[in-house]
>>> print(open('entry.cif').read())   # mmCIF, C-alpha atoms and all ligand atoms
data_entry
#
loop_
_atom_site.label_atom_id
_atom_site.label_comp_id
_atom_site.auth_asym_id
_atom_site.auth_seq_id
_atom_site.Cartn_x
_atom_site.Cartn_y
_atom_site.Cartn_z
CA MET T 290 0.00 0.00 0.00
CA LYS T 291 1.30 3.45 -0.90
CA ARG T 292 2.06 5.59 2.15
CA GLU T 293 -0.24 8.42 1.17
CA LYS T 294 -3.11 5.94 0.97
CA ILE T 295 -2.89 5.03 4.64
CA ASN T 296 -6.10 6.29 6.24
CA ILE T 297 -6.26 6.17 10.01
CA LEU T 298 -9.20 6.88 12.27
CA ALA T 299 -7.92 7.85 15.72
CA ILE T 300 -9.80 8.05 19.00
CA GLU T 301 -8.77 9.89 22.18
CA SER T 302 -10.71 9.61 25.45
CA SER T 303 -8.12 9.64 28.24
CA CYS T 304 -9.45 12.56 30.28
CA ASP T 305 -12.30 14.99 29.63
CA ASP T 306 -12.11 15.54 25.87
CA THR T 307 -13.74 13.09 23.47
CA SER T 308 -11.93 13.36 20.18
CA ALA T 309 -11.79 11.60 16.81
CA ALA T 310 -9.54 12.40 13.87
CA VAL T 311 -8.94 11.08 10.38
CA LEU T 312 -5.42 11.19 8.95
CA ARG T 313 -4.21 10.36 5.47
CA GLY T 314 -0.53 9.65 5.97
CA LYS T 315 0.81 12.46 8.15
CA GLU T 316 -1.88 14.88 7.05
CA VAL T 317 -4.88 15.62 9.27
CA LEU T 318 -8.16 15.54 7.32
CA SER T 319 -10.33 16.16 10.39
CA ASN T 320 -9.84 16.55 14.12
CA VAL T 321 -13.08 16.85 16.11
CA VAL T 322 -12.96 17.53 19.85
CA ALA T 323 -15.96 17.55 22.19
CA THR T 324 -14.87 19.24 25.40
CA GLN T 325 -16.92 18.29 28.44
CA LYS T 326 -18.36 21.39 30.07
CA ILE T 327 -19.95 19.48 32.95
CA HIS T 328 -16.73 19.61 35.03
CA GLU T 329 -16.66 23.42 35.24
CA GLU T 330 -19.24 23.53 38.00
CA TYR T 331 -17.17 21.10 40.10
CA GLY T 332 -13.89 22.99 39.69
CA GLY T 333 -12.10 19.97 38.21
CA VAL T 334 -12.60 16.75 36.27
CA VAL T 335 -15.02 14.27 37.91
CA PRO T 336 -13.97 10.82 36.56
CA GLU T 337 -17.43 9.19 36.70
CA LEU T 338 -19.04 12.10 34.84
CA ALA T 339 -16.21 12.10 32.29
CA SER T 340 -16.77 8.46 31.49
CA ARG T 341 -20.52 8.96 30.99
CA ALA T 342 -19.99 12.01 28.79
CA HIS T 343 -17.53 10.04 26.61
CA GLN T 344 -20.24 7.42 26.08
CA GLN T 345 -22.62 10.13 24.91
CA HIS T 346 -20.08 11.88 22.67
CA ILE T 347 -18.14 9.10 21.04
CA VAL T 348 -20.55 8.06 18.26
CA PRO T 349 -21.41 11.60 17.07
CA VAL T 350 -17.76 12.68 17.31
CA VAL T 351 -16.55 9.75 15.17
CA HIS T 352 -19.35 10.39 12.66
CA GLN T 353 -18.39 14.05 12.42
CA ALA T 354 -14.69 13.25 11.98
CA LEU T 355 -15.46 10.88 9.08
CA ALA T 356 -17.91 13.32 7.49
CA LYS T 357 -15.48 16.26 7.74
CA ALA T 358 -12.74 14.14 6.20
CA ASN T 359 -15.18 13.06 3.52
CA MET T 360 -14.22 9.48 4.20
CA ASP T 361 -16.23 6.31 4.23
CA LYS T 362 -15.54 3.79 7.02
CA ARG T 363 -14.63 1.21 4.38
CA GLU T 364 -11.68 3.35 3.23
CA LEU T 365 -10.01 3.15 6.65
CA SER T 366 -6.71 1.26 6.90
CA ALA T 367 -6.65 1.01 10.70
CA ILE T 368 -8.17 2.26 13.96
CA ALA T 369 -5.82 3.88 16.52
CA PHE T 370 -6.85 4.63 20.09
CA THR T 371 -5.42 5.94 23.36
CA ARG T 372 -4.67 2.97 25.59
CA GLY T 373 -3.29 5.06 28.46
CA PRO T 374 -2.25 6.76 30.66
CA GLY T 375 -5.43 8.43 31.87
CA LEU T 376 -8.65 7.91 33.79
CA MET T 377 -9.67 4.24 33.62
CA GLY T 378 -13.39 4.87 33.07
CA SER T 379 -12.63 7.33 30.27
CA LEU T 380 -10.04 5.13 28.58
CA LEU T 381 -12.42 2.16 28.60
CA VAL T 382 -14.94 3.99 26.42
CA GLY T 383 -12.44 4.75 23.64
CA THR T 384 -10.75 1.37 23.93
CA SER T 385 -13.99 -0.63 23.66
CA PHE T 386 -15.26 1.51 20.81
CA ALA T 387 -12.00 1.21 18.84
CA LYS T 388 -11.83 -2.56 19.34
CA SER T 389 -15.41 -3.07 18.16
CA LEU T 390 -14.98 -0.84 15.14
CA ALA T 391 -11.71 -2.50 14.08
CA MET T 392 -13.34 -5.90 14.44
CA GLY T 393 -16.43 -4.84 12.52
CA LEU T 394 -14.37 -3.39 9.67
CA SER T 395 -11.73 -6.15 9.75
CA VAL T 396 -8.88 -3.63 9.92
CA PRO T 397 -5.86 -3.56 12.25
CA LEU T 398 -6.11 -2.02 15.70
CA ILE T 399 -3.30 0.24 16.96
CA GLU T 400 -2.79 1.10 20.62
CA VAL T 401 -1.23 4.47 21.41
CA ASN T 402 0.50 5.87 24.48
CA HIS T 403 -0.99 9.32 25.16
CA MET T 404 2.33 10.80 26.36
CA GLN T 405 4.18 9.61 23.27
CA ALA T 406 1.39 11.17 21.24
CA HIS T 407 1.83 14.61 22.86
CA ILE T 408 5.45 14.47 21.68
CA LEU T 409 4.93 12.94 18.23
CA ALA T 410 2.28 15.62 17.51
CA HIS T 411 5.30 17.61 16.28
CA PHE T 412 5.41 15.33 13.23
CA ILE T 413 1.89 16.12 12.01
CA ALA T 414 2.20 17.57 8.51
CA GLU T 415 1.63 21.32 8.48
CA ASP T 416 1.80 23.20 5.18
CA GLY T 417 3.24 20.16 3.50
CA ASP T 418 6.12 19.51 5.94
CA GLY T 419 5.70 17.18 8.93
CA ASP T 420 9.39 16.59 9.40
CA GLY T 421 9.32 17.71 13.03
CA PRO T 422 12.42 18.28 15.13
CA GLN T 423 15.51 16.30 14.28
CA PHE T 424 16.39 13.47 16.71
CA PRO T 425 17.52 13.60 19.43
CA PHE T 426 15.50 16.41 21.00
CA LEU T 427 14.11 17.36 24.39
CA ALA T 428 10.35 17.50 24.87
CA LEU T 429 8.59 19.37 27.66
CA THR T 430 5.00 18.18 28.05
CA ILE T 431 2.93 20.52 30.16
CA SER T 432 -0.80 20.16 30.72
CA GLY T 433 -3.43 19.71 33.40
CA GLY T 434 -2.30 16.12 33.85
CA HIS T 435 1.38 16.08 32.92
CA THR T 436 4.71 17.79 33.46
CA GLN T 437 7.64 15.89 32.00
CA ILE T 438 10.99 16.52 30.36
CA VAL T 439 11.62 13.70 27.92
CA LEU T 440 14.73 12.80 25.95
CA VAL T 441 13.44 11.71 22.54
CA ARG T 442 16.03 9.60 20.70
CA ASP T 443 13.65 8.26 18.07
CA TYR T 444 9.90 7.89 17.44
CA PHE T 445 9.57 5.12 19.99
CA ASP T 446 12.76 5.53 21.98
CA MET T 447 11.99 8.01 24.75
CA GLU T 448 13.31 8.45 28.27
CA ILE T 449 11.84 10.59 31.04
CA LEU T 450 14.58 12.81 32.45
CA GLY T 451 12.34 14.61 34.92
CA GLU T 452 8.71 14.89 35.97
CA THR T 453 6.53 16.41 38.62
CA LEU T 454 6.55 14.86 42.06
CA ASP T 455 3.09 16.26 42.85
CA ASP T 456 0.83 18.65 40.87
CA ALA T 457 1.08 19.09 37.09
CA VAL T 458 1.88 22.59 35.90
CA GLY T 459 -1.67 23.09 34.54
CA GLU T 460 -2.98 22.16 37.99
CA ALA T 461 -0.63 24.74 39.51
CA PHE T 462 -2.18 27.39 37.24
CA ASP T 463 -5.75 26.17 37.89
CA LYS T 464 -5.35 25.88 41.67
CA SER T 465 -3.70 29.31 41.90
CA ALA T 466 -6.58 30.72 39.87
CA LYS T 467 -9.09 29.09 42.21
CA LEU T 468 -7.40 30.74 45.22
CA LEU T 469 -7.87 34.06 43.43
CA GLY T 470 -11.56 33.33 42.93
CA LEU T 471 -11.29 32.63 39.19
CA PRO T 472 -13.43 29.91 37.53
CA TYR T 473 -12.12 26.53 36.31
CA PRO T 474 -10.01 26.04 34.29
CA GLY T 475 -8.24 29.18 35.45
CA GLY T 476 -4.93 28.78 33.57
CA PRO T 477 -5.97 30.84 30.53
CA LEU T 478 -7.40 33.56 32.82
CA VAL T 479 -4.19 33.81 34.85
CA ASP T 480 -2.42 34.24 31.50
CA LYS T 481 -4.88 36.90 30.36
CA TYR T 482 -4.49 39.02 33.52
CA ALA T 483 -0.74 38.37 33.67
CA ARG T 484 -0.32 40.02 30.28
CA GLN T 485 -1.68 43.25 31.77
CA GLY T 486 0.24 43.07 35.05
CA ASN T 487 3.71 43.66 36.45
CA PRO T 488 5.50 40.36 37.21
CA ASP T 489 7.94 41.94 39.67
CA VAL T 490 5.46 43.23 42.25
CA PHE T 491 5.14 40.03 44.30
CA SER T 492 7.56 37.19 44.70
CA PHE T 493 6.86 33.54 45.39
CA PRO T 494 9.48 30.99 46.36
CA LYS T 495 10.73 28.54 43.74
CA PRO T 496 10.90 24.96 45.02
CA LYS T 497 14.28 23.32 45.48
CA VAL T 498 13.90 19.98 43.75
CA LYS T 499 16.88 17.84 42.82
CA GLY T 500 17.78 16.93 39.28
CA LEU T 501 15.22 17.54 36.56
CA ASP T 502 12.09 16.81 38.60
CA PHE T 503 9.46 19.42 39.43
CA SER T 504 7.21 20.23 42.38
CA PHE T 505 4.34 22.69 42.38
CA SER T 506 2.44 21.93 45.59
CA GLY T 507 4.62 24.26 47.69
CA LEU T 508 3.88 27.15 45.37
CA LYS T 509 0.15 26.55 45.79
CA THR T 510 0.54 26.62 49.59
CA SER T 511 2.60 29.81 49.54
CA ILE T 512 -0.04 31.50 47.34
CA LEU T 513 -2.75 30.33 49.77
CA TYR T 514 -0.94 31.85 52.78
CA PHE T 515 -0.16 35.01 50.82
CA VAL T 516 -3.84 35.45 49.86
CA GLN T 517 -5.02 34.75 53.44
CA ARG T 518 -2.49 37.18 54.94
CA GLU T 519 -3.22 40.02 52.53
CA THR T 520 -7.01 39.69 52.47
CA ALA T 521 -7.05 39.74 56.30
CA LYS T 522 -5.50 43.22 56.03
CA ASP T 523 -7.58 44.34 53.05
CA PRO T 524 -10.61 42.31 51.87
CA ASP T 525 -10.32 43.90 48.41
CA PHE T 526 -6.65 43.01 48.04
CA ILE T 527 -7.15 40.45 45.25
CA LYS T 528 -9.48 42.66 43.27
CA LYS T 529 -7.07 45.60 43.47
CA ASN T 530 -3.98 43.56 42.60
CA LEU T 531 -5.27 40.72 40.41
CA LYS T 532 -3.18 41.55 37.33
CA ASP T 533 0.08 41.91 39.25
CA ILE T 534 -0.59 38.76 41.30
CA CYS T 535 -1.27 36.75 38.11
CA ALA T 536 1.83 38.17 36.40
CA SER T 537 3.97 37.30 39.43
CA ILE T 538 2.60 33.74 39.63
CA GLN T 539 3.12 33.23 35.90
CA LYS T 540 6.69 34.52 36.11
CA THR T 541 7.43 32.07 38.94
CA ILE T 542 5.98 29.05 37.11
CA THR T 543 7.69 29.99 33.84
CA GLY T 544 10.98 30.40 35.69
CA ILE T 545 10.68 26.95 37.24
CA LEU T 546 10.09 25.34 33.82
CA VAL T 547 12.79 27.22 31.93
CA ASP T 548 15.42 26.66 34.65
CA LYS T 549 14.91 22.91 34.42
CA LEU T 550 14.96 22.98 30.62
CA LYS T 551 18.28 24.84 30.70
CA LYS T 552 19.63 22.23 33.09
CA ALA T 553 18.39 19.40 30.84
CA SER T 554 19.93 21.03 27.79
CA LYS T 555 23.31 21.44 29.52
CA GLN T 556 23.20 17.89 30.84
CA THR T 557 22.43 16.31 27.47
CA GLY T 558 24.08 18.81 25.12
CA ILE T 559 20.81 18.98 23.15
CA ASP T 560 19.50 22.38 22.09
CA ARG T 561 16.38 21.35 20.15
CA ILE T 562 13.48 21.91 22.54
CA ALA T 563 9.90 20.89 21.70
CA ILE T 564 6.96 21.74 23.94
CA GLY T 565 3.43 20.39 23.98
CA GLY T 566 0.33 20.09 26.16
CA GLY T 567 -2.36 22.70 26.87
CA VAL T 568 -0.10 24.92 28.98
CA SER T 569 2.13 25.59 25.95
CA ALA T 570 -0.50 28.18 25.03
CA ASN T 571 0.78 30.29 27.91
CA SER T 572 2.18 33.61 26.71
CA GLY T 573 4.83 33.80 29.45
CA ILE T 574 6.21 30.39 28.53
CA ARG T 575 6.22 31.21 24.83
CA LYS T 576 8.07 34.47 25.48
CA ALA T 577 10.60 32.76 27.71
CA LEU T 578 11.30 30.20 24.99
CA GLN T 579 11.76 32.92 22.37
CA GLN T 580 14.22 34.59 24.73
CA ALA T 581 16.08 31.31 25.21
CA GLU T 582 16.41 30.95 21.43
CA LYS T 583 18.44 34.17 21.54
CA ASP T 584 20.29 33.63 24.83
CA GLU T 585 20.93 29.89 24.69
CA GLY T 586 20.94 29.29 20.94
CA TRP T 587 18.02 26.85 21.21
CA THR T 588 15.74 25.89 18.37
CA THR T 589 12.25 25.60 19.82
CA TYR T 590 9.18 23.85 18.45
CA ILE T 591 5.57 24.49 19.47
CA PRO T 592 2.79 22.69 17.59
CA LYS T 593 -0.40 24.42 16.50
CA PHE T 594 -2.59 24.92 19.59
CA GLU T 595 -5.21 22.37 18.50
CA TYR T 596 -2.48 19.71 18.54
CA CYS T 597 -1.18 20.84 21.97
CA THR T 598 -4.35 20.20 23.98
CA ASP T 599 -5.78 16.70 24.13
CA ASN T 600 -6.82 15.70 20.60
CA ALA T 601 -7.10 12.62 18.41
CA ALA T 602 -4.89 13.92 15.58
CA MET T 603 -1.83 13.29 17.76
CA ILE T 604 -3.08 9.74 18.38
CA GLY T 605 -3.46 9.36 14.61
CA ILE T 606 0.12 10.39 13.84
CA VAL T 607 1.42 7.76 16.28
CA GLY T 608 -0.98 5.31 14.63
CA TYR T 609 0.57 6.15 11.26
CA PHE T 610 4.14 5.48 12.45
CA LYS T 611 3.05 2.21 14.07
CA TYR T 612 1.18 1.21 10.92
CA LEU T 613 4.40 1.62 8.91
CA GLU T 614 6.14 -0.68 11.39
CA GLY T 615 3.28 -3.19 11.33
CA SER T 616 2.92 -2.71 15.06
CA PHE T 617 -0.67 -3.77 15.66
CA ALA T 618 -2.59 -4.60 18.83
CA ASP T 619 -4.46 -7.75 19.62
CA GLN T 620 -8.22 -7.72 20.32
CA ALA T 621 -7.31 -8.78 23.88
CA VAL T 622 -5.60 -5.41 24.52
CA SER T 623 -6.96 -3.54 27.55
CA ALA T 624 -6.83 0.08 28.72
CA LYS T 625 -3.87 0.97 30.96
CA ALA T 626 -4.41 3.85 33.43
CA ARG T 627 -0.70 3.92 34.32
CA TYR T 628 1.32 3.59 31.17
CA GLY T 629 4.96 4.67 31.10
CA ILE T 630 6.27 6.55 28.08
CA ASP T 631 8.79 3.75 27.53
CA GLY T 632 6.13 1.06 27.34
O1 LIG Z 701 -3.64 19.57 27.44
P1 LIG Z 701 -4.87 20.07 28.12
O2 LIG Z 701 -5.94 20.68 27.28
O3 LIG Z 701 -5.57 18.92 28.91
C1 LIG Z 701 -4.94 18.09 29.81
O4 LIG Z 701 -4.84 18.48 30.98
O5 LIG Z 701 -4.48 16.99 29.40
O6 LIG Z 701 -4.39 21.12 29.23
C2 LIG Z 701 -5.30 21.80 30.02
C3 LIG Z 701 -4.53 22.64 31.02
C4 LIG Z 701 -5.43 23.28 32.07
O7 LIG Z 701 -4.83 23.11 33.33
C5 LIG Z 701 -5.46 24.75 31.63
O8 LIG Z 701 -5.67 25.64 32.68
C6 LIG Z 701 -4.07 24.91 31.06
O9 LIG Z 701 -3.84 23.71 30.35
N1 LIG Z 701 -3.95 26.06 30.15
C7 LIG Z 701 -3.20 27.14 30.42
C8 LIG Z 701 -3.36 28.02 29.33
N2 LIG Z 701 -4.19 27.44 28.41
C9 LIG Z 701 -4.54 26.22 28.94
N3 LIG Z 701 -2.44 27.43 31.49
C10 LIG Z 701 -1.80 28.61 31.47
N4 LIG Z 701 -1.90 29.52 30.46
C11 LIG Z 701 -2.66 29.26 29.37
N5 LIG Z 701 -2.74 30.15 28.39
ZN ZN Z 702 -2.76 15.09 27.54
#
>>> encode(input="entry.cif", output="structure tokens")
Amino acid sequence: MKREKINILAIESSCDDTSAAVLRGKEVLSNVVATQKIHEEYGGVVPELASRAHQQHIVPVVHQALAKANMDKRELSAIAFTRGPGLMGSLLVGTSFAKSLAMGLSVPLIEVNHMQAHILAHFIAEDGDGDGPQFPFLALTISGGHTQIVLVRDYFDMEILGETLDDAVGEAFDKSAKLLGLPYPGGPLVDKYARQGNPDVFSFPKPKVKGLDFSFSGLKTSILYFVQRETAKDPDFIKKNLKDICASIQKTITGILVDKLKKASKQTGIDRIAIGGGVSANSGIRKALQQAEKDEGWTTYIPKFEYCTDNAAMIGIVGYFKYLEGSFADQAVSAKARYGIDG
């Protein structure tokens, strides 16, 4: 089969986004994402509700992805799906659906590691390219569920150099936002106010964590005490200082990430840095990376935003590479809530 004729339907359901995508080779023909709004009122993802919402969304989302790609089910070469890591109840919906569809269509089934997918999203063809960063490179995956620095030697040869010991960086943004009275998910709002504020007005301690690991729970506690102390003196403190507080928090988080990246780059001698995950939308992080291109001589890579947040197109690109290798899953494959990036 010619490479450009490989049509993959990919399904992602690891957390709170139900997504389906159709790829022809490395090109994305459609990428439909149904984001679950139900969790907003709870201030975070409720696993049981996520699983039920996936069940409601999955059929219409797959239909839409096929229709947008103008593709008939019978033209599909394989079905790829997120096997893990993620919430078990959510993963089960995508896994069962993918297995049934592959069986019904008599096409191969491809299991995909969600964390590998965040990284391989850099190889999705954009404007006819799709070459992605040259190996080896360093990948920083930052989202509501992950914070990792990964050494990527090849498509399926990855090693975690550092990761968070507690909260993910997106959680750090969201929990800080909550302490400031902002709605969930607060990360984008912190970013919005930060852009209008002065980052040097308040200072928060950076954690001292060995090696390339991260920790964000201490920052959350220090923000909590700071807010309690200041609002006891002036109940309107947050309202009056929101922009400067957000800018100062963002500067602290960005500093933590960039410091570790610099350390990882020195340690490995690699200056190609690729970031992914929903938090890569953050303006402070983007600016800091642009600065590091000048100061450190890095080449940085940030995928299009729709391929940074959870989406099925990134599952599809991994599916494509596995298809080329003939790396198919058995019908007995089961979802894996804890699934290391190295298998
Ligand atoms: O990748 P993603 O859509 O979902 C997963 O968590 O897997 O990432 C969502 C996270 C949330 O914590 C959200 O607050 C954060 O990314 N986020 C941001 C920004 N945009 C999204 N955090 C800071 N600044 C942003 N601009
Ligand atoms: Zn993710």
>>> atom_distance(input="entry.cif", atom1="atom CA of T:Tyr331", atom2="atom CA of T:Pro472")
9.9 Å
>>> atom_distance(input="entry.cif", atom1="atom C11 of ligand LIG 701 (chain Z)", atom2="atom CA of T:Gln437")
17.1 Å
>>> residues_around(input="entry.cif", residues="T:Ile545", least_positions_apart="3", cutoff="9 Å", atoms="all atoms listed in the file", output="PyMOL selection string")
chain T and resi 495-496+503+540-542+548-550
>>> residues_near_ligand(input="entry.cif", ligand="ligand LIG 701 (chain Z)", cutoff="6 Å", atoms="only C-alpha atoms and all ligand atoms", output="PyMOL selection string")
chain T and resi 432-434+459-460+462-463+474-477+480+566-568+570-571+598-599
>>> residues_around(input="entry.cif", residues="T:Cys304", least_positions_apart="2", cutoff="6 Å", atoms="all atoms listed in the file", output="JSON, numbers by chain")
{"T": [302, 306, 375, 376]}
>>> closest_residue(input="entry.cif", among="T:Val311, T:Val622, T:Met603, T:Leu546", to="T:Phe412", atoms="all atoms listed in the file")
T:Met603
>>> atom_distance(input="entry.cif", atom1="atom CA of T:Val516", atom2="atom CA of T:Ile534")
9.7 Å
>>> closest_residue(input="entry.cif", among="T:His407, T:Lys522, T:Lys315, T:Lys509", to="ligand ZN 702 (chain Z)", atoms="all atoms listed in the file")
T:His407
>>> closest_residue(input="entry.cif", among="T:Thr430, T:Ser366, T:Asn600, T:Ser379", to="T:Val322", atoms="only C-alpha atoms")
T:Asn600
>>> residues_around(input="entry.cif", residues="T:Val441", least_positions_apart="6", cutoff="12 Å", atoms="only C-alpha atoms", output="PyMOL selection string")
chain T and resi 404-405+407-409+411+421-430+447-450+557+559+561-563+630-631
>>> closest_residue(input="entry.cif", among="T:Leu355, T:Ile538, T:Ile347, T:Leu380", to="T:Val458", atoms="all atoms listed in the file")
T:Ile538
>>> closest_residue(input="entry.cif", among="T:Asp560, T:Asp446, T:Glu364, T:Asp305", to="T:Lys583", atoms="all atoms listed in the file")
T:Asp560
>>> closest_residue(input="entry.cif", among="T:Ala621, T:Arg484, T:Ser537, T:Gly629", to="T:Glu452", atoms="all atoms listed in the file")
T:Gly629
>>> residues_around(input="entry.cif", residues="T:Gln485", least_positions_apart="3", cutoff="10 Å", atoms="all atoms listed in the file", output="ChimeraX atom specification")
/T:480-482,488,531-533,535-536
>>> build_atoms(input="entry.cif", residues="stretch 508-526 of chain T", atoms="N, CA and C atoms", output="PDB file, in the coordinates of the input")
ATOM      1  N   LEU T 508       4.256  25.849  45.927  1.00  0.00           N
ATOM      2  CA  LEU T 508       3.880  27.150  45.370  1.00  0.00           C
ATOM      3  C   LEU T 508       2.409  27.451  45.681  1.00  0.00           C
ATOM      4  N   LYS T 509       1.594  26.418  45.505  1.00  0.00           N
ATOM      5  CA  LYS T 509       0.150  26.550  45.790  1.00  0.00           C
ATOM      6  C   LYS T 509      -0.052  26.960  47.252  1.00  0.00           C
ATOM      7  N   THR T 510       0.674  26.309  48.168  1.00  0.00           N
ATOM      8  CA  THR T 510       0.540  26.620  49.590  1.00  0.00           C
ATOM      9  C   THR T 510       1.006  28.047  49.872  1.00  0.00           C
ATOM     10  N   SER T 511       2.103  28.452  49.252  1.00  0.00           N
ATOM     11  CA  SER T 511       2.600  29.810  49.540  1.00  0.00           C
ATOM     12  C   SER T 511       1.631  30.860  48.992  1.00  0.00           C
ATOM     13  N   ILE T 512       0.965  30.554  47.868  1.00  0.00           N
ATOM     14  CA  ILE T 512      -0.040  31.500  47.340  1.00  0.00           C
ATOM     15  C   ILE T 512      -1.239  31.553  48.297  1.00  0.00           C
ATOM     16  N   LEU T 513      -1.624  30.384  48.824  1.00  0.00           N
ATOM     17  CA  LEU T 513      -2.750  30.330  49.770  1.00  0.00           C
ATOM     18  C   LEU T 513      -2.466  31.219  50.989  1.00  0.00           C
ATOM     19  N   TYR T 514      -1.277  31.044  51.595  1.00  0.00           N
ATOM     20  CA  TYR T 514      -0.940  31.850  52.780  1.00  0.00           C
ATOM     21  C   TYR T 514      -0.851  33.330  52.439  1.00  0.00           C
ATOM     22  N   PHE T 515      -0.293  33.619  51.279  1.00  0.00           N
ATOM     23  CA  PHE T 515      -0.160  35.010  50.820  1.00  0.00           C
ATOM     24  C   PHE T 515      -1.547  35.657  50.695  1.00  0.00           C
ATOM     25  N   VAL T 516      -2.477  34.925  50.054  1.00  0.00           N
ATOM     26  CA  VAL T 516      -3.840  35.450  49.860  1.00  0.00           C
ATOM     27  C   VAL T 516      -4.523  35.645  51.218  1.00  0.00           C
ATOM     28  N   GLN T 517      -4.374  34.651  52.109  1.00  0.00           N
ATOM     29  CA  GLN T 517      -5.020  34.750  53.440  1.00  0.00           C
ATOM     30  C   GLN T 517      -4.472  35.947  54.219  1.00  0.00           C
ATOM     31  N   ARG T 518      -3.154  36.100  54.185  1.00  0.00           N
ATOM     32  CA  ARG T 518      -2.490  37.180  54.940  1.00  0.00           C
ATOM     33  C   ARG T 518      -2.946  38.546  54.423  1.00  0.00           C
ATOM     34  N   GLU T 519      -2.919  38.697  53.108  1.00  0.00           N
ATOM     35  CA  GLU T 519      -3.220  40.020  52.530  1.00  0.00           C
ATOM     36  C   GLU T 519      -4.704  40.361  52.602  1.00  0.00           C
ATOM     37  N   THR T 520      -5.580  39.360  52.414  1.00  0.00           N
ATOM     38  CA  THR T 520      -7.010  39.690  52.470  1.00  0.00           C
ATOM     39  C   THR T 520      -7.476  39.941  53.911  1.00  0.00           C
ATOM     40  N   ALA T 521      -6.715  39.435  54.897  1.00  0.00           N
ATOM     41  CA  ALA T 521      -7.050  39.740  56.300  1.00  0.00           C
ATOM     42  C   ALA T 521      -6.823  41.233  56.555  1.00  0.00           C
ATOM     43  N   LYS T 522      -5.807  41.782  55.877  1.00  0.00           N
ATOM     44  CA  LYS T 522      -5.500  43.220  56.030  1.00  0.00           C
ATOM     45  C   LYS T 522      -6.444  44.073  55.187  1.00  0.00           C
ATOM     46  N   ASP T 523      -6.729  43.588  53.972  1.00  0.00           N
ATOM     47  CA  ASP T 523      -7.580  44.340  53.050  1.00  0.00           C
ATOM     48  C   ASP T 523      -8.453  43.359  52.251  1.00  0.00           C
ATOM     49  N   PRO T 524      -9.736  43.290  52.553  1.00  0.00           N
ATOM     50  CA  PRO T 524     -10.610  42.310  51.870  1.00  0.00           C
ATOM     51  C   PRO T 524     -10.641  42.480  50.353  1.00  0.00           C
ATOM     52  N   ASP T 525     -10.312  43.666  49.870  1.00  0.00           N
ATOM     53  CA  ASP T 525     -10.320  43.900  48.410  1.00  0.00           C
ATOM     54  C   ASP T 525      -8.954  43.688  47.765  1.00  0.00           C
ATOM     55  N   PHE T 526      -8.027  43.118  48.535  1.00  0.00           N
ATOM     56  CA  PHE T 526      -6.650  43.010  48.040  1.00  0.00           C
ATOM     57  C   PHE T 526      -6.550  42.322  46.673  1.00  0.00           C
TER      58      PHE T 526
END
